[in-house]
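For reference, the structure discussed in these notes is given below.
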Amino acid sequence: MDDNNYKKLLDNAFNKLPKLSTEISDFKIPVVDSIIQGSKTTIRNLATIADKARRDQNDIAKYLSKEFGVPVNIEDQRLVLNSKFQPTELNKKIEKFFNTYVICKECHKPDSHLENAGRGMLTFVCEACGARYGIKSY
Ligand SMILES: [Zn+2]
């Protein structure tokens with residue numbers, strides 16, 4: 001194979017790489033859509049929040065349960081919290097979740113995943129810039 005062919009091959013391979021999902025400019029932390037019913041609060045757009053974060057719905061549930069110190073339930077893609085919470089409180093926590101566990105502190109992009117590092121720690125892995133750093137588990 002000559003150099004030209006090799007370069008073409010590389011170009012093709014590069015073009016086939018999956019595109020990273022979002023650019024910082026159009027990434028917005030989702031706004032919670034919630035409703036208080038009796039003594040419970042339901043987050044109606046749990047699926048959207050989880051999709052945006054590229055995290056499991058159970059991860060969001062676990063995080064909010066710990067942050068608020070209340071039991072939670074996932075019912076039909078909605079998250080039911082066992083207490084009353086105003087939208088501002090919920091949005092604050094969701095923003096904190098994204099800023100800590102989703103958005104890279106180095107390049108500020110949301111293309112990331114978490115690895116379990118044991119002993120209550122996670123390794124944040126940025127797929128955009130390659131940064132890796134330890135953060136406390138939730
Ligand atoms: Zn990064």
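In the structure tokens, chains take the letters A, B, ... in the order shown, each chain's residues start at 1, and ligands count up from 1 in the order shown.
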Find the residues around region 63-66 of chain A up to 8 Å (only C-alpha atoms counted), leave out those fewer than 2 positions away in its own chain, and share them as a VMD selection string.
-> chain A and resid 59 to 61 68 to 72 81 93 97 138
Please write the residues from the selection above to a file, keeping N, CA and C atoms, as a PDB file, in the first residue's frame.
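File produced: selection.pdb:
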ATOM      1  N   ASP A  59     -29.789   6.217  38.352  1.00  0.00           N
ATOM      2  CA  ASP A  59     -28.695   7.029  38.890  1.00  0.00           C
ATOM      3  C   ASP A  59     -29.200   8.389  39.353  1.00  0.00           C
ATOM      4  N   ILE A  60     -30.079   8.989  38.537  1.00  0.00           N
ATOM      5  CA  ILE A  60     -30.666  10.284  38.908  1.00  0.00           C
ATOM      6  C   ILE A  60     -31.508  10.103  40.177  1.00  0.00           C
ATOM      7  N   ALA A  61     -32.267   9.012  40.217  1.00  0.00           N
ATOM      8  CA  ALA A  61     -33.123   8.727  41.368  1.00  0.00           C
ATOM      9  C   ALA A  61     -32.291   8.589  42.644  1.00  0.00           C
ATOM     10  N   PHE A  68     -31.709  14.827  48.966  1.00  0.00           N
ATOM     11  CA  PHE A  68     -32.865  15.320  49.718  1.00  0.00           C
ATOM     12  C   PHE A  68     -33.122  14.495  50.976  1.00  0.00           C
ATOM     13  N   GLY A  69     -32.498  13.336  51.065  1.00  0.00           N
ATOM     14  CA  GLY A  69     -32.709  12.482  52.231  1.00  0.00           C
ATOM     15  C   GLY A  69     -34.128  11.941  52.334  1.00  0.00           C
ATOM     16  N   VAL A  70     -34.729  11.651  51.192  1.00  0.00           N
ATOM     17  CA  VAL A  70     -36.082  11.072  51.189  1.00  0.00           C
ATOM     18  C   VAL A  70     -36.126   9.846  50.277  1.00  0.00           C
ATOM     19  N   PRO A  71     -37.037   8.922  50.565  1.00  0.00           N
ATOM     20  CA  PRO A  71     -37.211   7.791  49.650  1.00  0.00           C
ATOM     21  C   PRO A  71     -37.799   8.258  48.321  1.00  0.00           C
ATOM     22  N   VAL A  72     -37.399   7.610  47.251  1.00  0.00           N
ATOM     23  CA  VAL A  72     -37.943   7.934  45.926  1.00  0.00           C
ATOM     24  C   VAL A  72     -38.356   6.657  45.226  1.00  0.00           C
ATOM     25  N   LEU A  81     -40.897  11.645  44.532  1.00  0.00           N
ATOM     26  CA  LEU A  81     -40.161  11.906  45.764  1.00  0.00           C
ATOM     27  C   LEU A  81     -41.158  11.968  46.914  1.00  0.00           C
ATOM     28  N   LYS A  93     -30.666  21.096  42.440  1.00  0.00           N
ATOM     29  CA  LYS A  93     -30.020  19.780  42.592  1.00  0.00           C
ATOM     30  C   LYS A  93     -29.648  19.183  41.241  1.00  0.00           C
ATOM     31  N   PHE A  97     -26.042  18.207  39.898  1.00  0.00           N
ATOM     32  CA  PHE A  97     -25.743  16.882  39.349  1.00  0.00           C
ATOM     33  C   PHE A  97     -24.989  17.004  38.020  1.00  0.00           C
ATOM     34  N   TYR A 138     -22.183   9.296  44.896  1.00  0.00           N
ATOM     35  CA  TYR A 138     -23.414   9.782  45.523  1.00  0.00           C
ATOM     36  C   TYR A 138     -24.282   8.635  45.923  1.00  0.00           C
TER      37      TYR A 138
END
Using only C-alpha atoms and all ligand atoms, determine which residues fall within 12 Å of ligand 1, then list them as a list in words.
-> Leu20, Glu23, Ile24, Tyr101, Val102, Ile103, Cys104, Lys105, Glu106, Cys107, His108, Lys109, Pro110, Asp111, Ser112, His113, Phe124, Val125, Cys126, Glu127, Ala128, Cys129, Gly130, Ala131, Arg132 and Tyr133 of chain A
Considering only C-alpha atoms, return as a list in words whatever protein or nucleic-acid residues lie within 6 Å of Thr123 (chain A), sequence-local ones (same chain, fewer than 3 positions apart) excluded.
->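 Listing them by chain and then by number gives Leu114, Glu115, Ala117, Tyr133 and Gly134 of chain A.
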With C-alpha atoms retained, export the selected residues as a CSV table (one decimal), in the first residue's frame.
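Below is the file that was written, result_8.csv:
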chain,number,residue,atom,x,y,z
A,114,LEU,CA,-18.3,7.6,35.4
A,115,GLU,CA,-16.3,4.6,36.5
A,117,ALA,CA,-13.3,3.7,41.7
A,133,TYR,CA,-10.4,12.8,37.8
A,134,GLY,CA,-11.8,11.4,41.0
Please indicate the distance in Å from CA of Asn91 (chain A) to CA of Val31 (chain A), rounded to one decimal place.
-> 6.4 Å
DSSP alpha helix (DSSP H) residues within chain A, as number ranges by chain = A: 3-16, 46-53, 57-68, 87-97
In region 6-138 of chain A, what's strand (DSSP E or B) per DSSP? Answer as number ranges by chain?
-> A: 34-37, 40-43, 72-75, 78-81, 112-118, 121-126, 132-136
Go ahead and write the selection's residues with N, CA and C atoms as an mmCIF file, in the first residue's frame.
data_model
loop_
_atom_site.group_PDB
_atom_site.id
_atom_site.type_symbol
_atom_site.label_atom_id
_atom_site.label_comp_id
_atom_site.auth_asym_id
_atom_site.auth_seq_id
_atom_site.Cartn_x
_atom_site.Cartn_y
_atom_site.Cartn_z
ATOM 1 N N SER A 34 -42.062 19.425 37.265
ATOM 2 C CA SER A 34 -42.526 18.715 38.462
ATOM 3 C C SER A 34 -43.914 19.154 38.897
ATOM 4 N N ILE A 35 -44.529 18.318 39.697
ATOM 5 C CA ILE A 35 -45.854 18.633 40.227
ATOM 6 C C ILE A 35 -45.954 18.070 41.643
ATOM 7 N N ILE A 36 -46.509 18.878 42.541
ATOM 8 C CA ILE A 36 -46.716 18.413 43.917
ATOM 9 C C ILE A 36 -48.142 17.886 44.034
ATOM 10 N N GLN A 37 -48.251 16.656 44.523
ATOM 11 C CA GLN A 37 -49.575 16.065 44.726
ATOM 12 C C GLN A 37 -49.610 15.505 46.143
ATOM 13 N N LYS A 40 -46.396 14.352 48.098
ATOM 14 C CA LYS A 40 -45.351 13.845 47.200
ATOM 15 C C LYS A 40 -45.083 14.799 46.049
ATOM 16 N N THR A 41 -43.882 14.685 45.514
ATOM 17 C CA THR A 41 -43.521 15.475 44.336
ATOM 18 C C THR A 41 -43.139 14.526 43.210
ATOM 19 N N THR A 42 -43.706 14.767 42.044
ATOM 20 C CA THR A 42 -43.385 13.930 40.886
ATOM 21 C C THR A 42 -42.607 14.737 39.856
ATOM 22 N N ILE A 43 -41.454 14.192 39.452
ATOM 23 C CA ILE A 43 -40.704 14.774 38.334
ATOM 24 C C ILE A 43 -41.161 14.049 37.072
ATOM 25 N N VAL A 72 -37.399 7.610 47.251
ATOM 26 C CA VAL A 72 -37.943 7.934 45.926
ATOM 27 C C VAL A 72 -38.356 6.657 45.226
ATOM 28 N N ASN A 73 -39.199 6.825 44.218
ATOM 29 C CA ASN A 73 -39.677 5.698 43.422
ATOM 30 C C ASN A 73 -39.736 6.087 41.966
ATOM 31 N N ILE A 74 -39.374 5.169 41.109
ATOM 32 C CA ILE A 74 -39.606 5.435 39.691
ATOM 33 C C ILE A 74 -40.897 4.724 39.307
ATOM 34 N N GLU A 75 -41.841 5.520 38.809
ATOM 35 C CA GLU A 75 -43.115 4.947 38.386
ATOM 36 C C GLU A 75 -43.395 5.389 36.964
ATOM 37 N N ARG A 78 -41.447 8.262 35.611
ATOM 38 C CA ARG A 78 -41.530 9.478 36.411
ATOM 39 C C ARG A 78 -40.883 9.187 37.747
ATOM 40 N N LEU A 79 -40.317 10.244 38.334
ATOM 41 C CA LEU A 79 -39.670 10.054 39.617
ATOM 42 C C LEU A 79 -40.548 10.651 40.715
ATOM 43 N N VAL A 80 -40.957 9.816 41.650
ATOM 44 C CA VAL A 80 -41.805 10.279 42.744
ATOM 45 C C VAL A 80 -40.960 10.407 44.006
ATOM 46 N N LEU A 81 -40.897 11.645 44.532
ATOM 47 C CA LEU A 81 -40.161 11.906 45.764
ATOM 48 C C LEU A 81 -41.158 11.968 46.914
ATOM 49 N N SER A 112 -19.390 12.443 28.755
ATOM 50 C CA SER A 112 -18.594 11.830 29.816
ATOM 51 C C SER A 112 -19.253 10.566 30.323
ATOM 52 N N HIS A 113 -18.490 9.798 31.064
ATOM 53 C CA HIS A 113 -19.091 8.720 31.828
ATOM 54 C C HIS A 113 -18.340 8.571 33.149
ATOM 55 N N LEU A 114 -18.902 7.774 34.037
ATOM 56 C CA LEU A 114 -18.306 7.594 35.354
ATOM 57 C C LEU A 114 -17.860 6.150 35.504
ATOM 58 N N GLU A 115 -16.735 5.967 36.172
ATOM 59 C CA GLU A 115 -16.296 4.615 36.495
ATOM 60 C C GLU A 115 -16.229 4.487 38.006
ATOM 61 N N ASN A 116 -16.637 3.337 38.481
ATOM 62 C CA ASN A 116 -16.587 3.107 39.913
ATOM 63 C C ASN A 116 -15.135 2.920 40.342
ATOM 64 N N ALA A 117 -14.686 3.766 41.254
ATOM 65 C CA ALA A 117 -13.292 3.673 41.692
ATOM 66 C C ALA A 117 -13.186 3.004 43.062
ATOM 67 N N GLY A 118 -14.321 2.597 43.616
ATOM 68 C CA GLY A 118 -14.312 1.935 44.927
ATOM 69 C C GLY A 118 -14.212 2.933 46.065
ATOM 70 N N MET A 121 -15.782 6.363 45.829
ATOM 71 C CA MET A 121 -15.269 7.322 44.845
ATOM 72 C C MET A 121 -15.627 6.879 43.427
ATOM 73 N N LEU A 122 -15.743 7.874 42.558
ATOM 74 C CA LEU A 122 -15.964 7.619 41.140
ATOM 75 C C LEU A 122 -14.830 8.268 40.365
ATOM 76 N N THR A 123 -14.551 7.718 39.195
ATOM 77 C CA THR A 123 -13.637 8.406 38.286
ATOM 78 C C THR A 123 -14.464 9.019 37.174
ATOM 79 N N PHE A 124 -14.366 10.323 37.064
ATOM 80 C CA PHE A 124 -15.035 11.035 35.978
ATOM 81 C C PHE A 124 -14.152 10.907 34.747
ATOM 82 N N VAL A 125 -14.721 10.444 33.635
ATOM 83 C CA VAL A 125 -13.953 10.281 32.401
ATOM 84 C C VAL A 125 -14.594 11.132 31.306
ATOM 85 N N CYS A 126 -13.863 12.118 30.820
ATOM 86 C CA CYS A 126 -14.371 12.978 29.754
ATOM 87 C C CYS A 126 -14.024 12.376 28.409
ATOM 88 N N ARG A 132 -9.481 12.847 33.254
ATOM 89 C CA ARG A 132 -9.943 11.858 34.232
ATOM 90 C C ARG A 132 -9.663 12.424 35.604
ATOM 91 N N TYR A 133 -10.692 12.415 36.453
ATOM 92 C CA TYR A 133 -10.422 12.847 37.825
ATOM 93 C C TYR A 133 -11.399 12.187 38.780
ATOM 94 N N GLY A 134 -10.977 12.110 40.024
ATOM 95 C CA GLY A 134 -11.780 11.449 41.045
ATOM 96 C C GLY A 134 -12.824 12.389 41.622
ATOM 97 N N ILE A 135 -14.039 11.872 41.814
ATOM 98 C CA ILE A 135 -15.070 12.638 42.516
ATOM 99 C C ILE A 135 -15.782 11.694 43.486
ATOM 100 N N LYS A 136 -16.372 12.312 44.496
ATOM 101 C CA LYS A 136 -17.082 11.525 45.488
ATOM 102 C C LYS A 136 -18.328 10.891 44.881
#
